[in-house]
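Asker: Sharing a structure here in structure tokens format.
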Number of protein chains: 4
Amino acid sequence: MKVIVDLCVVPIGVGVSVGQYVAQCQKVLQEMGLKYQLHAYGTNIEGDWDDVFTAVKRCHERVHEMGAPRITTSIKVGTRTDREQSMQEKIDSVNGLLSTGSDLE
Amino acid sequence: MKVIVDLCVVPIGVGVSVGQYVAQCQKVLQEMGLKYQLHAYGTNIEGDWDDVFTAVKRCHERVHEMGAPRITTSIKVGTRTDREQSMQEKIDSVNGLLSTGSDLE
Amino acid sequence: MKVIVDLCVVPIGVGVSVGQYVAQCQKVLQEMGLKYQLHAYGTNIEGDWDDVFTAVKRCHERVHEMGAPRITTSIKVGTRTDREQSMQEKIDSVNGLLSTGSDLE
Amino acid sequence: MKVIVDLCVVPIGVGVSVGQYVAQCQKVLQEMGLKYQLHAYGTNIEGDWDDVFTAVKRCHERVHEMGAPRITTSIKVGTRTDREQSMQEKIDSVNGLLSTGSDLE
């Protein structure tokens, strides 16, 4: 099952600067060969369900290993059986509607 | 790794009434022997990481099998290495602070 | 516009114990006379859109006043125009389907 | 109070194609003069708390006006009192850590 995920890992109990933990999670995704895109409030990930959720678990393990005693993570998970759709196609679809504007007025 | 999860599965493309899909997800959790508690905007689940995420995957599979062509799910995931904490202890902790009130003024 | 919200306020940079901040948010909801229900990973709130979001803002203000330099909050927001539905009705609807089981097999 | 928000509006009961509703929400943000960035699973928004949440409410109103009888929205909300931080700075901070790599090994 193909999945598009939005992942936001928040380490708790390590102060206000959490960038290095987020960076390590990016490395986990890279090591696993997943397609991903960082944004200002999380990371979009695209891949097979099991691979993506293995990566999410590794992120938690890695962030705990780095010293964070507590983590709270938000995940959005999208699956569909009607057709394949990539992360880029989702963005293009909205932008396409905006540029033609035909359905928007 | 022990995890507390909040799960909210939203089937898309099946009309406005989604209760029967949510009910089936409750059944998945029950079948897997997980501890869970339904609330008005999701379900709290407590258990081992792998068991809980296997259940989440089965929920997606089940809801697709029921005919939903698209699903978007929100998950919150909490892990901690400093100590064990159950769902009930989280609630009791906040309610305890509220009833004594000593830290609240 | 009537809204059902699920609110989870996470103070960052104040250590691992966040119960007292959550308790203060419960007090904000109580002070504003909103209907709410704490669960293990957030709080369900029911009310008018403007009242509920005024409460959410006050929670952020209160938690910052308590000393948290950074907050990340997750909110789920449900609105519907087809009919009124309370938090309790959402729960009863799923439990009703589970007890009759007629739609579940 | 300055806020960075991640917004994901999901219309329910209008079929599987929700792109046109998302596009209208982009228009709302544009009309209000907010800084925003679409990604594959939501939209990052940056601005004053009241402006951003006025926009979120207008998105719900607009999507209902377009015919969606039910909406479920996920919002992440970040505020901080220790310093100002823009959406781009959050991304640059993580990418900077990744390129130097000094903190990552």
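Chain labels follow the order of the structure tokens: the first chain is A, the next B, and so on; residue numbering restarts at 1 in every chain, and ligands are counted from 1 in their shown order.
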Which residues are near Cys8 of chain A? Cut-off 8 Å, only C-alpha atoms, ignore same chain within fewer than 2 positions. Put them as a tab-separated table (two decimals) with all heavy atoms, in the first residue's frame.

Answerer:
```tsv
chain	number	residue	atom	x	y	z
A	6	ASP	N	2.61	13.13	6.24
A	6	ASP	CA	3.23	14.36	6.74
A	6	ASP	C	3.67	14.11	8.17
A	6	ASP	O	2.85	13.70	9.01
A	6	ASP	CB	2.25	15.53	6.67
A	6	ASP	CG	2.93	16.84	7.00
A	6	ASP	OD1	3.90	17.18	6.31
A	6	ASP	OD2	2.51	17.51	7.96
A	10	VAL	N	8.39	16.13	17.52
A	10	VAL	CA	8.70	17.18	18.50
A	10	VAL	C	9.33	16.57	19.75
A	10	VAL	O	8.64	15.94	20.55
A	10	VAL	CB	7.42	17.94	18.90
A	10	VAL	CG1	7.75	19.02	19.94
A	10	VAL	CG2	6.74	18.56	17.69
A	41	TYR	N	6.73	23.20	8.74
A	41	TYR	CA	6.09	22.61	9.93
A	41	TYR	C	5.99	21.09	9.82
A	41	TYR	O	4.99	20.50	10.26
A	41	TYR	CB	4.70	23.23	10.15
A	41	TYR	CG	4.38	23.52	11.61
A	41	TYR	CD1	3.83	24.74	11.99
A	41	TYR	CD2	4.64	22.59	12.60
A	41	TYR	CE1	3.54	25.03	13.31
A	41	TYR	CE2	4.34	22.85	13.92
A	41	TYR	CZ	3.80	24.07	14.27
A	41	TYR	OH	3.51	24.33	15.59
A	42	GLY	N	7.00	20.49	9.20
A	42	GLY	CA	7.01	19.04	9.09
A	42	GLY	C	7.68	18.60	7.81
A	42	GLY	O	8.36	19.40	7.15
A	43	THR	N	7.51	17.33	7.47
A	43	THR	CA	8.15	16.75	6.30
A	43	THR	C	7.16	15.84	5.58
A	43	THR	O	6.57	14.96	6.20
A	43	THR	CB	9.39	15.93	6.72
A	43	THR	OG1	10.30	16.76	7.44
A	43	THR	CG2	10.10	15.33	5.51
A	73	THR	N	4.73	13.28	18.37
A	73	THR	CA	4.81	13.37	16.92
A	73	THR	C	3.41	13.47	16.33
A	73	THR	O	2.48	12.82	16.81
A	73	THR	CB	5.53	12.11	16.39
A	73	THR	OG1	6.91	12.20	16.72
A	73	THR	CG2	5.38	11.96	14.89
A	74	SER	N	3.26	14.32	15.34
A	74	SER	CA	2.00	14.38	14.59
A	74	SER	C	2.23	13.81	13.20
A	74	SER	O	3.20	14.17	12.54
A	74	SER	CB	1.53	15.83	14.43
A	74	SER	OG	1.24	16.39	15.67
A	75	ILE	N	1.32	12.94	12.78
A	75	ILE	CA	1.43	12.32	11.46
A	75	ILE	C	0.09	12.45	10.74
A	75	ILE	O	-0.95	12.20	11.35
A	75	ILE	CB	1.77	10.82	11.57
A	75	ILE	CG1	2.94	10.57	12.53
A	75	ILE	CG2	2.08	10.23	10.22
A	75	ILE	CD1	3.24	9.09	12.76
```

Asker: Would you mind writing down, as a PyMOL selection string, each residue of chain C that DSSP on the backbone assigns to alpha helix (DSSP H)?

Answerer: chain C and resi 19-31+49-65+87-100

Asker: For chain D, which residue among B:Gly33, B:Gly47, B:Pro69, B:Gly19 is the nearest when counting only C-alpha atoms?

Answerer: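 That would be B:Pro69, the residue with the smallest distance to chain D.
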
Asker: At most 6 Å is the cut-off: for each residue in chain B with any atom that close to an atom of chain D, write down the nearest atom pair and the distance in Å rounded to one decimal, counting only C-alpha atoms, chain first then increasing number, as JSON lines.

Answerer:
```
{"residue": "B:Ile12", "atom": "CA", "partner": "D:Val16", "partner_atom": "CA", "distance": 5.8}
{"residue": "B:Gly13", "atom": "CA", "partner": "D:Gly15", "partner_atom": "CA", "distance": 4.0}
{"residue": "B:Gly15", "atom": "CA", "partner": "D:Gly13", "partner_atom": "CA", "distance": 4.0}
{"residue": "B:Val16", "atom": "CA", "partner": "D:Gly13", "partner_atom": "CA", "distance": 4.6}
```

Asker: So the first atom is atom CA of Glu46 of chain B and the second is atom CA of Phe53 of chain A; what is the distance between them in Å, to one decimal place?

Answerer: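 One can read the atom CA of Glu46 of chain B to atom CA of Phe53 of chain A distance as 17.3 Å.
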
Asker: Skipping near chain neighbours, those fewer than 3 positions away, what residues fall within 9 Å of Gln24 of chain B using only C-alpha atoms, listed as a ChimeraX atom specification?

Answerer: /B:19-21,27-29,59,62-63 /C:98,104-105

Asker: Suppose you want the space between atom CA of Asp82 of chain A and atom CA of His64 of chain B; what is it in Å?

Answerer: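 It comes out at 9.9 Å.
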
Asker: Neighbours of Ile91 of chain A within 8 Å (only C-alpha atoms; same-chain residues fewer than 6 positions away dropped), as a PyMOL selection string?

Answerer: chain D and resi 38-40

Asker: Emit the selected residues as a PDB file, in the first residue's frame, including N, CA, C and O atoms.

Answerer:
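Final output, out00.pdb:
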```
ATOM      1  N   LEU D  38       2.064  26.374  -0.006  1.00  0.00           N
ATOM      2  CA  LEU D  38       1.407  25.074  -0.185  1.00  0.00           C
ATOM      3  C   LEU D  38       2.441  23.952  -0.185  1.00  0.00           C
ATOM      4  O   LEU D  38       3.517  24.089  -0.769  1.00  0.00           O
ATOM      5  N   HIS D  39       2.138  22.837   0.489  1.00  0.00           N
ATOM      6  CA  HIS D  39       2.952  21.629   0.325  1.00  0.00           C
ATOM      7  C   HIS D  39       2.014  20.457   0.037  1.00  0.00           C
ATOM      8  O   HIS D  39       0.804  20.661  -0.164  1.00  0.00           O
ATOM      9  N   ALA D  40       2.556  19.257  -0.005  1.00  0.00           N
ATOM     10  CA  ALA D  40       1.755  18.126  -0.486  1.00  0.00           C
ATOM     11  C   ALA D  40       0.681  17.664   0.495  1.00  0.00           C
ATOM     12  O   ALA D  40      -0.201  16.882   0.136  1.00  0.00           O
TER      13      ALA D  40
END
```

Asker: Using only C-alpha atoms, find the one residue out of D:Cys25, D:Glu61, D:Lys2, D:Asp48 that sits nearest to Arg80 of chain C.

Answerer: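 Looking at the shortest contact to Arg80 of chain C, the residue is D:Glu61.
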
Asker: Run DSSP on the backbone and tell me which residues of chain C come out as strand (DSSP E); list them as number ranges by chain.

Answerer: C: 2-12, 35-39, 42-48, 70-80

Asker: Could you write those residues out with N, CA and C atoms, as a compact mmCIF listing (two decimals), in the first residue's frame?

Answerer:
```txt
# COMPACT_ATOMS: atom_id res chain seq x y z
N LYS C 2 -21.11 26.57 14.63
CA LYS C 2 -20.81 25.63 15.71
C LYS C 2 -19.60 24.77 15.33
N VAL C 3 -18.75 24.47 16.31
CA VAL C 3 -17.55 23.71 16.00
C VAL C 3 -17.25 22.67 17.09
N ILE C 4 -16.73 21.53 16.68
CA ILE C 4 -16.15 20.58 17.64
C ILE C 4 -14.66 20.54 17.37
N VAL C 5 -13.89 20.73 18.43
CA VAL C 5 -12.45 20.85 18.29
C VAL C 5 -11.75 19.82 19.16
N ASP C 6 -10.62 19.32 18.71
CA ASP C 6 -9.74 18.56 19.58
C ASP C 6 -8.44 19.34 19.72
N LEU C 7 -8.06 19.65 20.93
CA LEU C 7 -6.95 20.56 21.21
C LEU C 7 -5.86 19.85 21.99
N CYS C 8 -4.62 19.99 21.54
CA CYS C 8 -3.48 19.41 22.26
C CYS C 8 -2.34 20.43 22.27
N VAL C 9 -2.15 21.07 23.41
CA VAL C 9 -1.16 22.14 23.57
C VAL C 9 0.12 21.54 24.15
N VAL C 10 1.24 21.74 23.47
CA VAL C 10 2.52 21.17 23.93
C VAL C 10 3.53 22.29 24.19
N PRO C 11 3.81 22.60 25.46
CA PRO C 11 4.85 23.59 25.78
C PRO C 11 6.23 22.98 25.53
N ILE C 12 7.13 23.76 24.95
CA ILE C 12 8.48 23.31 24.63
C ILE C 12 9.49 24.16 25.38
N LYS C 35 -18.00 23.75 26.86
CA LYS C 35 -18.16 22.32 27.12
C LYS C 35 -16.87 21.64 26.67
N TYR C 36 -16.25 20.86 27.53
CA TYR C 36 -14.99 20.21 27.13
C TYR C 36 -14.82 18.89 27.86
N GLN C 37 -13.98 18.06 27.29
CA GLN C 37 -13.73 16.73 27.87
C GLN C 37 -12.27 16.37 27.63
N LEU C 38 -11.53 16.24 28.71
CA LEU C 38 -10.13 15.82 28.63
C LEU C 38 -10.03 14.35 28.25
N HIS C 39 -9.09 14.02 27.37
CA HIS C 39 -8.75 12.60 27.15
C HIS C 39 -7.23 12.45 27.25
N GLY C 42 -5.31 14.94 24.57
CA GLY C 42 -5.89 16.21 24.16
C GLY C 42 -7.20 16.46 24.87
N THR C 43 -7.92 17.46 24.38
CA THR C 43 -9.19 17.85 24.99
C THR C 43 -10.20 18.15 23.89
N ASN C 44 -11.36 17.50 23.95
CA ASN C 44 -12.45 17.82 23.03
C ASN C 44 -13.18 19.06 23.54
N ILE C 45 -13.50 19.97 22.65
CA ILE C 45 -14.21 21.19 23.01
C ILE C 45 -15.36 21.40 22.03
N GLU C 46 -16.47 21.89 22.54
CA GLU C 46 -17.66 22.09 21.71
C GLU C 46 -18.16 23.51 21.96
N GLY C 47 -18.49 24.24 20.90
CA GLY C 47 -19.00 25.59 21.12
C GLY C 47 -19.05 26.38 19.83
N ASP C 48 -19.32 27.67 19.98
CA ASP C 48 -19.30 28.58 18.86
C ASP C 48 -17.86 28.80 18.40
N ARG C 70 8.10 28.46 24.12
CA ARG C 70 7.68 27.97 22.81
C ARG C 70 6.54 26.97 22.98
N ILE C 71 5.58 27.03 22.09
CA ILE C 71 4.42 26.13 22.16
C ILE C 71 4.15 25.60 20.77
N THR C 72 3.88 24.30 20.68
CA THR C 72 3.35 23.75 19.43
C THR C 72 2.05 23.03 19.76
N THR C 73 1.00 23.42 19.06
CA THR C 73 -0.34 22.93 19.36
C THR C 73 -0.92 22.22 18.15
N SER C 74 -1.61 21.10 18.40
CA SER C 74 -2.34 20.43 17.34
C SER C 74 -3.83 20.61 17.58
N ILE C 75 -4.54 20.98 16.52
CA ILE C 75 -5.98 21.20 16.61
C ILE C 75 -6.67 20.45 15.49
N LYS C 76 -7.72 19.72 15.81
CA LYS C 76 -8.63 19.24 14.78
C LYS C 76 -9.92 20.02 14.91
N VAL C 77 -10.50 20.41 13.79
CA VAL C 77 -11.65 21.30 13.79
C VAL C 77 -12.74 20.68 12.90
N GLY C 78 -13.90 20.42 13.46
CA GLY C 78 -14.99 19.87 12.67
C GLY C 78 -16.18 20.80 12.62
N THR C 79 -16.64 21.10 11.39
CA THR C 79 -17.88 21.87 11.23
C THR C 79 -18.78 21.13 10.25
N ARG C 80 -20.10 21.30 10.40
CA ARG C 80 -21.01 20.71 9.43
C ARG C 80 -22.25 21.58 9.29
```

Asker: Quote the spacing between atom CA of Leu97 of chain D and atom CA of Ala23 of chain A in Å to one decimal place.

Answerer: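 Value for the atom CA of Leu97 of chain D-atom CA of Ala23 of chain A distance: 6.5 Å.
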